[in-house]
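Shown below: data20.csv, with CSV, C-alpha atoms.
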```csv
chain,number,residue,atom,x,y,z
A,14,MET,CA,-118.6,89.4,208.2
A,15,ASP,CA,-117.3,87.5,205.2
A,16,ILE,CA,-113.6,86.7,205.8
A,17,PHE,CA,-113.3,85.1,202.4
A,18,SER,CA,-113.8,88.4,200.6
A,19,ASN,CA,-110.9,90.8,199.6
A,20,GLU,CA,-113.2,93.4,198.0
A,21,ASP,CA,-112.5,97.0,199.0
A,22,THR,CA,-115.8,98.0,200.5
A,23,GLU,CA,-116.8,100.8,202.9
A,24,LYS,CA,-118.1,98.3,205.4
A,25,TYR,CA,-114.7,96.6,205.7
A,26,ASP,CA,-113.5,96.6,209.4
A,27,ARG,CA,-110.0,95.0,209.7
A,28,ALA,CA,-110.3,94.4,213.4
A,29,ASP,CA,-113.6,92.5,213.0
A,30,ALA,CA,-112.1,90.5,210.1
A,31,LEU,CA,-109.1,89.5,212.1
A,32,LYS,CA,-111.3,88.5,215.0
A,33,VAL,CA,-113.6,86.4,212.8
A,34,PHE,CA,-110.6,84.6,211.2
A,35,ASP,CA,-109.0,84.0,214.6
A,36,GLU,CA,-112.1,82.6,216.2
A,37,THR,CA,-112.4,79.9,213.5
A,38,LYS,CA,-109.3,78.3,215.1
A,39,ALA,CA,-108.8,76.6,211.7
A,40,GLY,CA,-106.0,78.8,210.4
A,41,VAL,CA,-105.1,79.4,206.8
A,42,LYS,CA,-105.5,75.8,206.0
A,43,GLY,CA,-109.2,76.2,207.0
A,44,LEU,CA,-109.5,78.9,204.3
A,45,VAL,CA,-107.9,76.6,201.7
A,46,ASP,CA,-110.1,73.7,202.7
A,47,ALA,CA,-113.1,76.0,202.3
A,48,GLY,CA,-112.1,76.6,198.6
A,49,VAL,CA,-111.1,80.2,198.6
A,50,THR,CA,-110.0,81.4,195.1
A,51,LYS,CA,-109.0,84.9,196.3
A,52,ILE,CA,-107.1,85.7,199.5
A,53,PRO,CA,-109.0,87.6,202.2
A,54,ARG,CA,-108.1,91.2,202.5
A,55,ILE,CA,-106.4,90.7,205.9
A,56,PHE,CA,-103.6,88.9,204.1
A,57,ILE,CA,-103.0,91.5,201.3
A,58,ARG,CA,-99.8,93.4,201.8
A,59,PRO,CA,-99.9,97.2,202.1
A,60,HIS,CA,-99.9,99.1,198.8
A,61,ASP,CA,-96.4,100.6,199.5
A,62,GLU,CA,-94.9,97.1,200.0
A,63,LEU,CA,-96.5,95.8,196.8
A,64,VAL,CA,-95.2,98.8,194.8
A,65,GLU,CA,-91.7,98.3,196.3
A,66,GLU,CA,-91.8,94.6,195.3
A,67,LEU,CA,-92.6,95.5,191.7
A,68,ASN,CA,-89.6,97.8,191.6
A,69,SER,CA,-87.2,95.5,193.3
A,70,SER,CA,-84.8,93.1,191.7
A,71,LYS,CA,-83.7,89.6,192.7
A,72,VAL,CA,-80.1,88.4,192.3
A,73,SER,CA,-78.9,84.9,191.5
A,74,LEU,CA,-76.4,84.4,194.2
A,75,GLN,CA,-75.7,81.2,196.2
A,76,ILE,CA,-75.5,81.4,200.0
A,77,PRO,CA,-72.5,79.5,201.3
A,78,ILE,CA,-72.8,75.7,201.6
A,79,ILE,CA,-70.5,74.2,204.2
A,80,ASP,CA,-69.6,70.5,204.3
A,81,LEU,CA,-69.1,69.4,207.9
A,82,THR,CA,-67.2,66.2,207.0
A,83,GLY,CA,-64.1,65.9,209.1
A,84,SER,CA,-65.1,68.8,211.4
A,85,GLU,CA,-63.9,67.0,214.5
A,86,LYS,CA,-60.2,68.0,214.4
A,87,GLY,CA,-57.1,68.9,212.5
A,88,ASP,CA,-56.7,71.1,209.4
A,89,ARG,CA,-60.1,70.2,208.1
A,90,ARG,CA,-61.7,71.6,211.2
A,91,LYS,CA,-59.7,74.9,210.8
A,92,GLU,CA,-60.9,75.1,207.2
A,93,ILE,CA,-64.6,74.6,208.3
A,94,VAL,CA,-64.2,77.2,211.0
A,95,GLU,CA,-62.8,79.7,208.5
A,96,GLN,CA,-65.8,79.0,206.1
A,97,ILE,CA,-68.2,79.6,209.0
A,98,ARG,CA,-66.5,82.8,210.0
A,99,VAL,CA,-66.7,84.3,206.5
A,100,ALA,CA,-70.3,83.2,206.0
A,101,SER,CA,-71.3,84.6,209.4
A,102,GLU,CA,-69.6,87.9,208.8
A,103,THR,CA,-70.7,88.5,205.2
A,104,TRP,CA,-74.1,86.6,204.9
A,105,GLY,CA,-75.4,85.8,208.3
A,106,PHE,CA,-76.7,82.6,206.6
A,107,PHE,CA,-75.2,79.4,205.4
A,108,GLN,CA,-76.3,75.8,204.7
A,109,VAL,CA,-74.6,72.7,206.2
A,110,ILE,CA,-74.4,69.2,204.8
A,111,ASN,CA,-73.0,66.0,206.1
A,112,HIS,CA,-73.9,66.8,209.7
A,113,GLU,CA,-74.6,64.3,212.5
A,114,ILE,CA,-78.4,63.9,212.1
A,115,PRO,CA,-79.8,61.0,210.0
A,116,LYS,CA,-81.6,62.1,206.9
A,117,SER,CA,-84.3,59.5,207.7
A,118,LEU,CA,-85.2,61.5,210.9
A,119,LEU,CA,-85.3,64.7,208.9
A,120,ASP,CA,-87.8,63.2,206.4
A,121,GLU,CA,-89.9,61.7,209.2
A,122,THR,CA,-90.0,65.1,211.0
A,123,ILE,CA,-91.3,66.9,207.9
A,124,ASP,CA,-93.9,64.2,207.5
A,125,CYS,CA,-95.1,64.4,211.1
A,126,ILE,CA,-95.4,68.2,210.9
A,127,ARG,CA,-97.6,67.6,207.8
A,128,MET,CA,-99.7,65.1,209.6
A,129,PHE,CA,-100.3,67.4,212.5
A,130,HIS,CA,-101.5,70.3,210.3
A,131,GLU,CA,-103.6,68.0,208.0
A,132,GLN,CA,-105.4,66.2,210.7
A,133,GLU,CA,-109.0,67.1,211.6
A,134,SER,CA,-109.5,70.7,212.7
A,135,GLU,CA,-111.3,69.6,215.8
A,136,ILE,CA,-108.2,67.9,217.1
A,137,LYS,CA,-105.9,70.9,216.2
A,138,MET,CA,-108.3,73.3,217.9
A,139,LYS,CA,-107.4,71.8,221.3
A,140,PHE,CA,-104.0,73.3,220.9
A,141,TYR,CA,-105.1,76.6,219.5
A,142,SER,CA,-103.9,79.6,221.7
A,143,ARG,CA,-102.4,83.0,221.6
A,144,ASP,CA,-100.8,82.7,225.0
A,145,ARG,CA,-97.1,82.9,224.3
A,146,MET,CA,-96.4,81.2,227.7
A,147,ASN,CA,-98.0,78.0,226.5
A,148,LYS,CA,-95.3,75.5,225.9
A,149,VAL,CA,-97.2,73.8,223.1
A,150,ARG,CA,-99.6,75.8,221.0
A,151,PHE,CA,-101.1,75.9,217.5
A,152,ASP,CA,-102.0,79.3,215.9
A,153,SER,CA,-102.0,81.2,212.7
A,154,ASN,CA,-99.9,84.4,212.9
A,155,LEU,CA,-98.8,85.0,216.4
A,156,ASP,CA,-98.7,88.8,215.7
A,157,LEU,CA,-102.1,88.7,213.9
A,158,TYR,CA,-103.5,91.8,215.6
A,159,GLN,CA,-100.2,93.8,215.4
A,160,SER,CA,-99.0,93.2,211.8
A,161,ARG,CA,-99.9,95.3,208.8
A,162,ALA,CA,-100.9,92.1,206.9
A,163,ALA,CA,-101.4,88.5,208.0
A,164,ASN,CA,-99.0,85.9,206.6
A,165,TRP,CA,-100.2,82.8,204.7
A,166,ARG,CA,-99.2,80.1,207.2
A,167,ASP,CA,-100.1,78.1,210.3
A,168,THR,CA,-97.8,77.2,213.1
A,169,LEU,CA,-97.3,74.6,215.8
A,170,THR,CA,-94.9,75.8,218.5
A,171,LEU,CA,-93.0,73.9,221.2
A,172,SER,CA,-91.2,76.1,223.7
A,173,MET,CA,-88.5,74.9,226.0
A,174,PHE,CA,-87.4,78.0,228.0
A,175,ILE,CA,-85.7,75.7,230.5
A,176,LEU,CA,-83.6,72.6,229.5
A,177,ASP,CA,-85.7,69.5,229.2
A,178,ASP,CA,-88.7,71.5,230.5
A,179,LEU,CA,-91.3,69.8,228.3
A,180,ASN,CA,-93.6,67.0,229.3
A,181,PRO,CA,-93.7,64.5,226.5
A,182,ASP,CA,-97.5,64.1,227.1
A,183,GLU,CA,-97.9,67.8,226.1
A,184,VAL,CA,-96.6,67.1,222.6
A,185,PRO,CA,-99.4,66.2,220.1
A,186,SER,CA,-99.6,62.4,219.9
A,187,ILE,CA,-99.6,62.3,216.1
A,188,CYS,CA,-96.0,63.6,216.0
A,189,ARG,CA,-94.8,63.0,219.6
A,190,GLU,CA,-92.3,60.2,219.1
A,191,THR,CA,-90.6,61.7,216.0
A,192,MET,CA,-90.6,65.3,217.5
A,193,LEU,CA,-89.0,64.3,220.7
A,194,GLU,CA,-86.3,62.4,218.9
A,195,TYR,CA,-85.7,65.3,216.5
A,196,ILE,CA,-85.4,67.8,219.5
A,197,LYS,CA,-82.8,65.6,221.1
A,198,HIS,CA,-80.6,65.4,217.9
A,199,VAL,CA,-81.0,69.1,217.0
A,200,THR,CA,-80.1,70.2,220.6
A,201,LYS,CA,-76.9,68.3,220.4
A,202,PHE,CA,-76.1,69.6,216.9
A,203,GLY,CA,-76.8,73.1,218.0
A,204,GLY,CA,-74.1,72.7,220.6
A,205,THR,CA,-71.7,71.5,217.9
A,206,LEU,CA,-72.3,74.5,215.8
A,207,LEU,CA,-71.9,76.9,218.7
A,208,GLU,CA,-68.4,75.3,219.3
A,209,LEU,CA,-67.5,76.0,215.7
A,210,LEU,CA,-68.9,79.6,215.9
A,211,SER,CA,-66.9,80.2,219.1
A,212,GLU,CA,-63.7,79.2,217.3
A,213,ALA,CA,-64.7,81.4,214.4
A,214,LEU,CA,-64.8,84.3,216.8
A,215,GLY,CA,-61.3,83.4,218.0
A,216,LEU,CA,-62.6,82.1,221.4
A,217,ARG,CA,-62.4,78.8,223.2
A,218,PRO,CA,-64.7,76.1,221.7
A,219,HIS,CA,-67.0,76.1,224.6
A,220,HIS,CA,-67.3,79.8,225.1
A,221,LEU,CA,-70.8,80.3,223.7
A,222,GLN,CA,-72.0,77.1,225.4
A,223,ASP,CA,-70.6,78.3,228.7
A,224,LEU,CA,-72.8,81.4,228.2
A,225,GLU,CA,-75.7,79.0,227.9
A,226,CYS,CA,-76.7,80.2,224.5
A,227,CYS,CA,-78.4,77.0,223.7
A,228,HIS,CA,-80.1,76.7,227.1
A,229,GLY,CA,-83.6,77.8,225.9
A,230,ARG,CA,-85.0,76.5,222.7
A,231,THR,CA,-88.2,77.1,220.7
A,232,PHE,CA,-89.3,74.8,217.9
A,233,VAL,CA,-91.6,76.4,215.3
A,234,CYS,CA,-93.3,74.1,212.8
A,235,HIS,CA,-94.7,76.1,209.9
A,236,TYR,CA,-97.2,74.9,207.4
A,237,TYR,CA,-97.6,77.1,204.3
A,238,PRO,CA,-100.7,76.1,202.3
A,239,PRO,CA,-100.9,76.6,198.5
A,240,CYS,CA,-101.9,80.2,197.9
A,241,PRO,CA,-104.3,81.3,195.1
A,242,GLU,CA,-102.8,84.8,194.9
A,243,PRO,CA,-99.1,84.5,196.1
A,244,GLU,CA,-98.1,87.8,194.6
A,245,LEU,CA,-100.4,89.7,197.1
A,246,THR,CA,-99.1,88.2,200.3
A,247,LEU,CA,-96.2,86.5,202.0
A,248,GLY,CA,-95.6,83.3,203.9
A,249,SER,CA,-93.4,85.1,206.4
A,250,SER,CA,-92.8,88.8,206.4
A,251,LYS,CA,-89.3,90.3,206.5
A,252,HIS,CA,-87.7,89.8,209.9
A,253,THR,CA,-84.6,88.9,211.9
A,254,ASP,CA,-84.6,86.3,214.6
A,255,PRO,CA,-84.5,87.2,218.3
A,256,SER,CA,-82.2,84.3,219.2
A,257,PHE,CA,-78.5,83.4,219.2
A,258,LEU,CA,-78.8,80.8,216.5
A,259,THR,CA,-81.5,79.4,214.2
A,260,LEU,CA,-81.4,75.9,212.6
A,261,LEU,CA,-84.0,75.5,209.8
A,262,LEU,CA,-85.2,72.2,208.3
A,263,GLN,CA,-87.2,72.8,205.1
A,264,ASP,CA,-88.9,70.6,202.5
A,265,ASN,CA,-88.3,70.8,198.8
A,266,ILE,CA,-90.9,73.5,197.9
A,267,GLY,CA,-88.6,76.5,198.4
A,268,GLY,CA,-89.6,80.1,199.1
A,269,LEU,CA,-87.0,81.2,201.7
A,270,GLN,CA,-85.1,84.4,200.8
A,271,VAL,CA,-82.3,86.3,202.5
A,272,ARG,CA,-81.5,90.0,202.1
A,273,HIS,CA,-77.9,90.4,200.8
A,274,HIS,CA,-76.5,93.6,199.4
A,275,ASP,CA,-80.0,95.2,199.6
A,276,GLN,CA,-81.5,92.5,197.3
A,277,TRP,CA,-83.4,89.3,197.9
A,278,THR,CA,-81.6,86.0,197.3
A,279,ASP,CA,-83.2,82.6,197.2
A,280,VAL,CA,-82.2,79.9,199.7
A,281,PRO,CA,-82.9,76.8,197.7
A,282,PRO,CA,-83.8,73.6,199.5
A,283,LEU,CA,-80.9,71.2,200.0
A,284,ALA,CA,-81.7,67.6,200.5
A,285,GLY,CA,-80.5,66.4,203.9
A,286,GLY,CA,-79.2,69.9,204.7
A,287,PHE,CA,-79.9,72.6,207.3
A,288,VAL,CA,-80.1,76.3,206.9
A,289,VAL,CA,-78.2,78.1,209.7
A,290,ASN,CA,-78.6,81.7,210.5
A,291,ILE,CA,-77.1,84.1,213.0
A,292,GLY,CA,-79.7,85.6,215.4
A,293,ASP,CA,-79.9,89.1,216.9
A,294,PHE,CA,-78.4,88.0,220.2
A,295,LEU,CA,-75.3,86.5,218.6
A,296,GLN,CA,-74.8,89.7,216.6
A,297,ILE,CA,-74.7,91.5,219.9
A,298,VAL,CA,-72.5,89.2,221.9
A,299,SER,CA,-70.1,89.0,218.9
A,300,ASN,CA,-69.9,92.8,219.1
A,301,ASP,CA,-71.2,93.1,215.5
A,302,LYS,CA,-68.7,90.7,214.0
A,303,PHE,CA,-71.4,88.2,213.0
A,304,LYS,CA,-74.5,89.6,211.2
A,305,SER,CA,-78.2,88.9,211.8
A,306,VAL,CA,-79.9,89.7,208.5
A,307,ASP,CA,-83.4,90.1,207.2
A,308,HIS,CA,-85.1,87.1,205.6
A,309,ARG,CA,-88.7,86.1,204.5
A,310,VAL,CA,-90.7,83.4,202.9
A,311,LEU,CA,-92.7,83.9,199.7
A,312,ALA,CA,-96.2,82.5,199.3
A,313,ASN,CA,-96.5,79.9,196.6
A,314,HIS,CA,-99.2,78.4,194.3
A,315,ASN,CA,-97.6,75.1,195.1
A,316,GLY,CA,-97.7,73.5,198.5
A,317,PRO,CA,-98.0,73.0,201.2
A,318,ARG,CA,-94.4,74.1,202.1
A,319,ILE,CA,-93.3,72.7,205.5
A,320,SER,CA,-90.4,73.8,207.6
A,321,MET,CA,-89.2,73.6,211.2
A,322,ALA,CA,-87.0,76.2,212.8
A,323,CYS,CA,-85.2,75.7,216.1
A,324,PHE,CA,-84.3,79.0,217.9
A,325,PHE,CA,-81.6,78.8,220.5
A,326,THR,CA,-82.6,81.7,222.8
A,327,GLY,CA,-80.3,81.5,225.8
A,328,VAL,CA,-81.4,81.7,229.5
A,329,ALA,CA,-84.8,83.5,229.8
A,330,VAL,CA,-86.0,81.9,233.1
A,331,PRO,CA,-85.0,83.8,235.1
A,332,PRO,CA,-83.8,86.3,232.4
A,333,LYS,CA,-80.1,86.4,232.0
A,334,ILE,CA,-78.1,89.5,231.2
A,335,TYR,CA,-76.1,89.2,228.0
A,336,GLY,CA,-73.8,91.7,226.2
A,337,PRO,CA,-70.7,92.0,224.0
A,338,ILE,CA,-68.1,89.3,224.9
A,339,LYS,CA,-65.3,91.1,226.7
A,340,GLU,CA,-62.6,89.2,224.8
A,341,LEU,CA,-64.0,90.7,221.6
A,342,THR,CA,-64.0,94.3,223.0
A,343,LEU,CA,-60.4,94.3,224.4
A,344,GLN,CA,-58.5,93.5,221.2
A,345,SER,CA,-55.4,95.2,219.8
A,346,ASP,CA,-57.5,96.8,217.0
A,347,GLY,CA,-59.1,99.1,219.6
A,348,SER,CA,-62.5,97.4,219.5
A,349,THR,CA,-65.1,98.9,221.9
A,350,PRO,CA,-68.5,97.6,222.8
A,351,VAL,CA,-71.0,98.4,220.1
A,352,TYR,CA,-74.1,97.4,222.1
A,353,GLN,CA,-75.3,97.7,225.7
A,354,ASP,CA,-76.2,94.6,227.8
A,355,PHE,CA,-79.7,93.2,227.4
A,356,LEU,CA,-82.0,90.8,229.1
A,357,ALA,CA,-83.2,87.6,227.3
A,358,ARG,CA,-86.8,87.6,228.3
A,359,VAL,CA,-89.5,84.9,227.7
A,360,ARG,CA,-92.3,87.4,227.1
A,361,GLU,CA,-92.2,88.0,223.4
A,362,MET,CA,-88.5,87.1,223.3
A,363,LEU,CA,-87.6,90.7,222.3
A,364,ILE,CA,-84.3,92.4,222.9
A,365,GLU,CA,-84.6,95.1,225.6
A,366,PHE,CA,-81.7,97.5,226.1
```
Could you rewrite the structure in this file as structure tokens?
Amino acid sequence: MDIFSNEDTEKYDRADALKVFDETKAGVKGLVDAGVTKIPRIFIRPHDELVEELNSSKVSLQIPIIDLTGSEKGDRRKEIVEQIRVASETWGFFQVINHEIPKSLLDETIDCIRMFHEQESEIKMKFYSRDRMNKVRFDSNLDLYQSRAANWRDTLTLSMFILDDLNPDEVPSICRETMLEYIKHVTKFGGTLLELLSEALGLRPHHLQDLECCHGRTFVCHYYPPCPEPELTLGSSKHTDPSFLTLLLQDNIGGLQVRHHDQWTDVPPLAGGFVVNIGDFLQIVSNDKFKSVDHRVLANHNGPRISMACFFTGVAVPPKIYGPIKELTLQSDGSTPVYQDFLARVREMLIEF
């Protein structure tokens, strides 16, 4: 079967085409390296989605940008907490600048992700797997066999379901030193943000940390190659994050969009900044005060686009029961629990009620 063809023929078998693509273990970059000028049919979005896209509009709004300078104490901290509260309640997304992580490390992290994905395919193939329990794995489209259309991206994933449960030798050597340093800094920064989010909910600073919301972490390193027909596919389909909190580092290419007031809004790259978004779990424990919203990534003629998302997923080994925080359901306004309790499970990291 020719996986490089997107022609509508009677002989087309999607299951076979997916299998052939998967078995190359070369990912989307393998297609680009082979010189494709049209995207294979497995990547083409369903007709109804393409029609909806033609009829949709995009608005020029700016997601909140929060300067963390002076966030340690005093009136400035109160101001930042209030900005985070408003952004988390209305957007579910915001960007932060002047944080505690050196820009040089951010740049090195983007470079090392690029180096991993652009090394020889034979080396990357050693990490190729569809087993979600593998702590370190390379793949293209984890949901390849379940999705309506494959996305135009490849991914290196590092999963830490238990604190510090990652053998450094398991991390690819080409990016090991930088990646381990980045993980250390982002884990600490995630704790800082959870303190600010706790205060934004009117709770003690350590409330969310005491719930072990940042106990489990998954680092997802995406590589979006240039696409010959970006109007027909996506880099990442519309989704929300099954996590408490997501911190995203992105390069300068752009393409991330967030759904706001039923319209797609661009999230432009911000040098030295992080994109922060509320995950499904935090929406639940905040009793619907904070919002987890749809977002996606567009495919692009330019590229590659490189990003790294850190998902703070809570305690999944053994699975911990989470639910709406009682202090938020016993307030004078008569608030009651909006959600039932759920288990944060490793397998697929999906919310189960």
Problem set entry | A:Phe325, A:Tyr195, A:Phe174, A:Trp277 ranked by distance to Leu262 in chain A, top pick (using all atoms listed in the file) |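 Smallest separation from Leu262 in chain A among the options: A:Tyr195.
You will find CA of Thr170 in chain A at 18.8 Å from CA of Ala357 in chain A.
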Exercise. Expressed in Å to a single decimal, how great is the separation between CA of Arg90 in chain A and CA of Ile297 in chain A?
Worked result: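 It comes out at 25.3 Å.
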Taking only residues of range 51-120 of chain A that have an atom at most 12 Å from an atom of range 24-27 of chain A, what is each one's shortest atom pair and its distance in Å to one decimal, using all atoms listed in the file, in chain and number order, as a tab-separated table?
```
residue	atom	partner	partner_atom	distance
A:Pro53	CA	A:Arg27	CA	10.6
A:Arg54	CA	A:Arg27	CA	8.4
A:Ile55	CA	A:Arg27	CA	6.8
A:Phe56	CA	A:Arg27	CA	10.5
A:Ile57	CA	A:Arg27	CA	11.5
```
Just the residues within 6 Å of Asn313 in chain A, please, counting only C-alpha atoms, with nothing from its chain fewer than 5 positions along; format it as a PDB file with C-alpha atoms, in the frame of the given file.
```pdb
ATOM      1  CA  PRO A 239    -100.900  76.600 198.500  1.00  0.00           C
ATOM      2  CA  CYS A 240    -101.900  80.200 197.900  1.00  0.00           C
ATOM      3  CA  PRO A 243     -99.100  84.500 196.100  1.00  0.00           C
TER       4      PRO A 243
END
```
Exercise. Looking at all atoms listed in the file, which of A:Tyr237, A:Val49, A:Pro337, A:Lys139 is the one that sits closest to Asp301 in chain A?
Worked result: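 Checking each of A:Tyr237, A:Val49, A:Pro337, A:Lys139 against Asp301 in chain A, counting all atoms listed in the file, the winner is A:Pro337.
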Exercise. So what do you get for CA of Ala284 in chain A versus CA of Lys86 in chain A, distance-wise?
Worked result: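 Distance reported for this atom pair: 25.6 Å.
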For this session: Dump as a PyMOL selection string all residues having an atom at most 12 Å from (-91.7, 84.8, 206.3), computed in the file's coordinates with all atoms listed in the file.
Result: chain A and resi 154+162-168+235-237+246-254+267-271+307-313+318+320+322
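Neighbouring residues of Pro115 in chain A at 12 Å or closer, counting all atoms listed in the file and skipping chain neighbours under 2 positions away, are A:Ile110, A:Asn111, A:His112, A:Glu113, A:Ser117, A:Leu118, A:Leu119, A:Asp120, A:Glu121, A:Thr122, A:Glu194, A:Tyr195, A:His198, A:Val199, A:Phe202, A:Ala284, A:Gly285, A:Gly286, A:Phe287.
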For Leu295 in chain A: contacts at 10 Å, all atoms listed in the file, fewer than 2 positions along chain excluded, given as a PDB file with C-alpha atoms, in the frame of the given file:
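Just written: part26.pdb:
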```
ATOM      1  CA  LEU A 210     -68.900  79.600 215.900  1.00  0.00           C
ATOM      2  CA  LEU A 221     -70.800  80.300 223.700  1.00  0.00           C
ATOM      3  CA  CYS A 226     -76.700  80.200 224.500  1.00  0.00           C
ATOM      4  CA  PRO A 255     -84.500  87.200 218.300  1.00  0.00           C
ATOM      5  CA  SER A 256     -82.200  84.300 219.200  1.00  0.00           C
ATOM      6  CA  PHE A 257     -78.500  83.400 219.200  1.00  0.00           C
ATOM      7  CA  LEU A 258     -78.800  80.800 216.500  1.00  0.00           C
ATOM      8  CA  ASN A 290     -78.600  81.700 210.500  1.00  0.00           C
ATOM      9  CA  ILE A 291     -77.100  84.100 213.000  1.00  0.00           C
ATOM     10  CA  GLY A 292     -79.700  85.600 215.400  1.00  0.00           C
ATOM     11  CA  ASP A 293     -79.900  89.100 216.900  1.00  0.00           C
ATOM     12  CA  ILE A 297     -74.700  91.500 219.900  1.00  0.00           C
ATOM     13  CA  VAL A 298     -72.500  89.200 221.900  1.00  0.00           C
ATOM     14  CA  SER A 299     -70.100  89.000 218.900  1.00  0.00           C
ATOM     15  CA  ASN A 300     -69.900  92.800 219.100  1.00  0.00           C
ATOM     16  CA  ASP A 301     -71.200  93.100 215.500  1.00  0.00           C
ATOM     17  CA  LYS A 302     -68.700  90.700 214.000  1.00  0.00           C
ATOM     18  CA  PHE A 303     -71.400  88.200 213.000  1.00  0.00           C
ATOM     19  CA  LYS A 304     -74.500  89.600 211.200  1.00  0.00           C
ATOM     20  CA  SER A 305     -78.200  88.900 211.800  1.00  0.00           C
ATOM     21  CA  THR A 326     -82.600  81.700 222.800  1.00  0.00           C
ATOM     22  CA  TYR A 335     -76.100  89.200 228.000  1.00  0.00           C
ATOM     23  CA  GLY A 336     -73.800  91.700 226.200  1.00  0.00           C
ATOM     24  CA  PRO A 337     -70.700  92.000 224.000  1.00  0.00           C
ATOM     25  CA  ILE A 338     -68.100  89.300 224.900  1.00  0.00           C
TER      26      ILE A 338
END
```
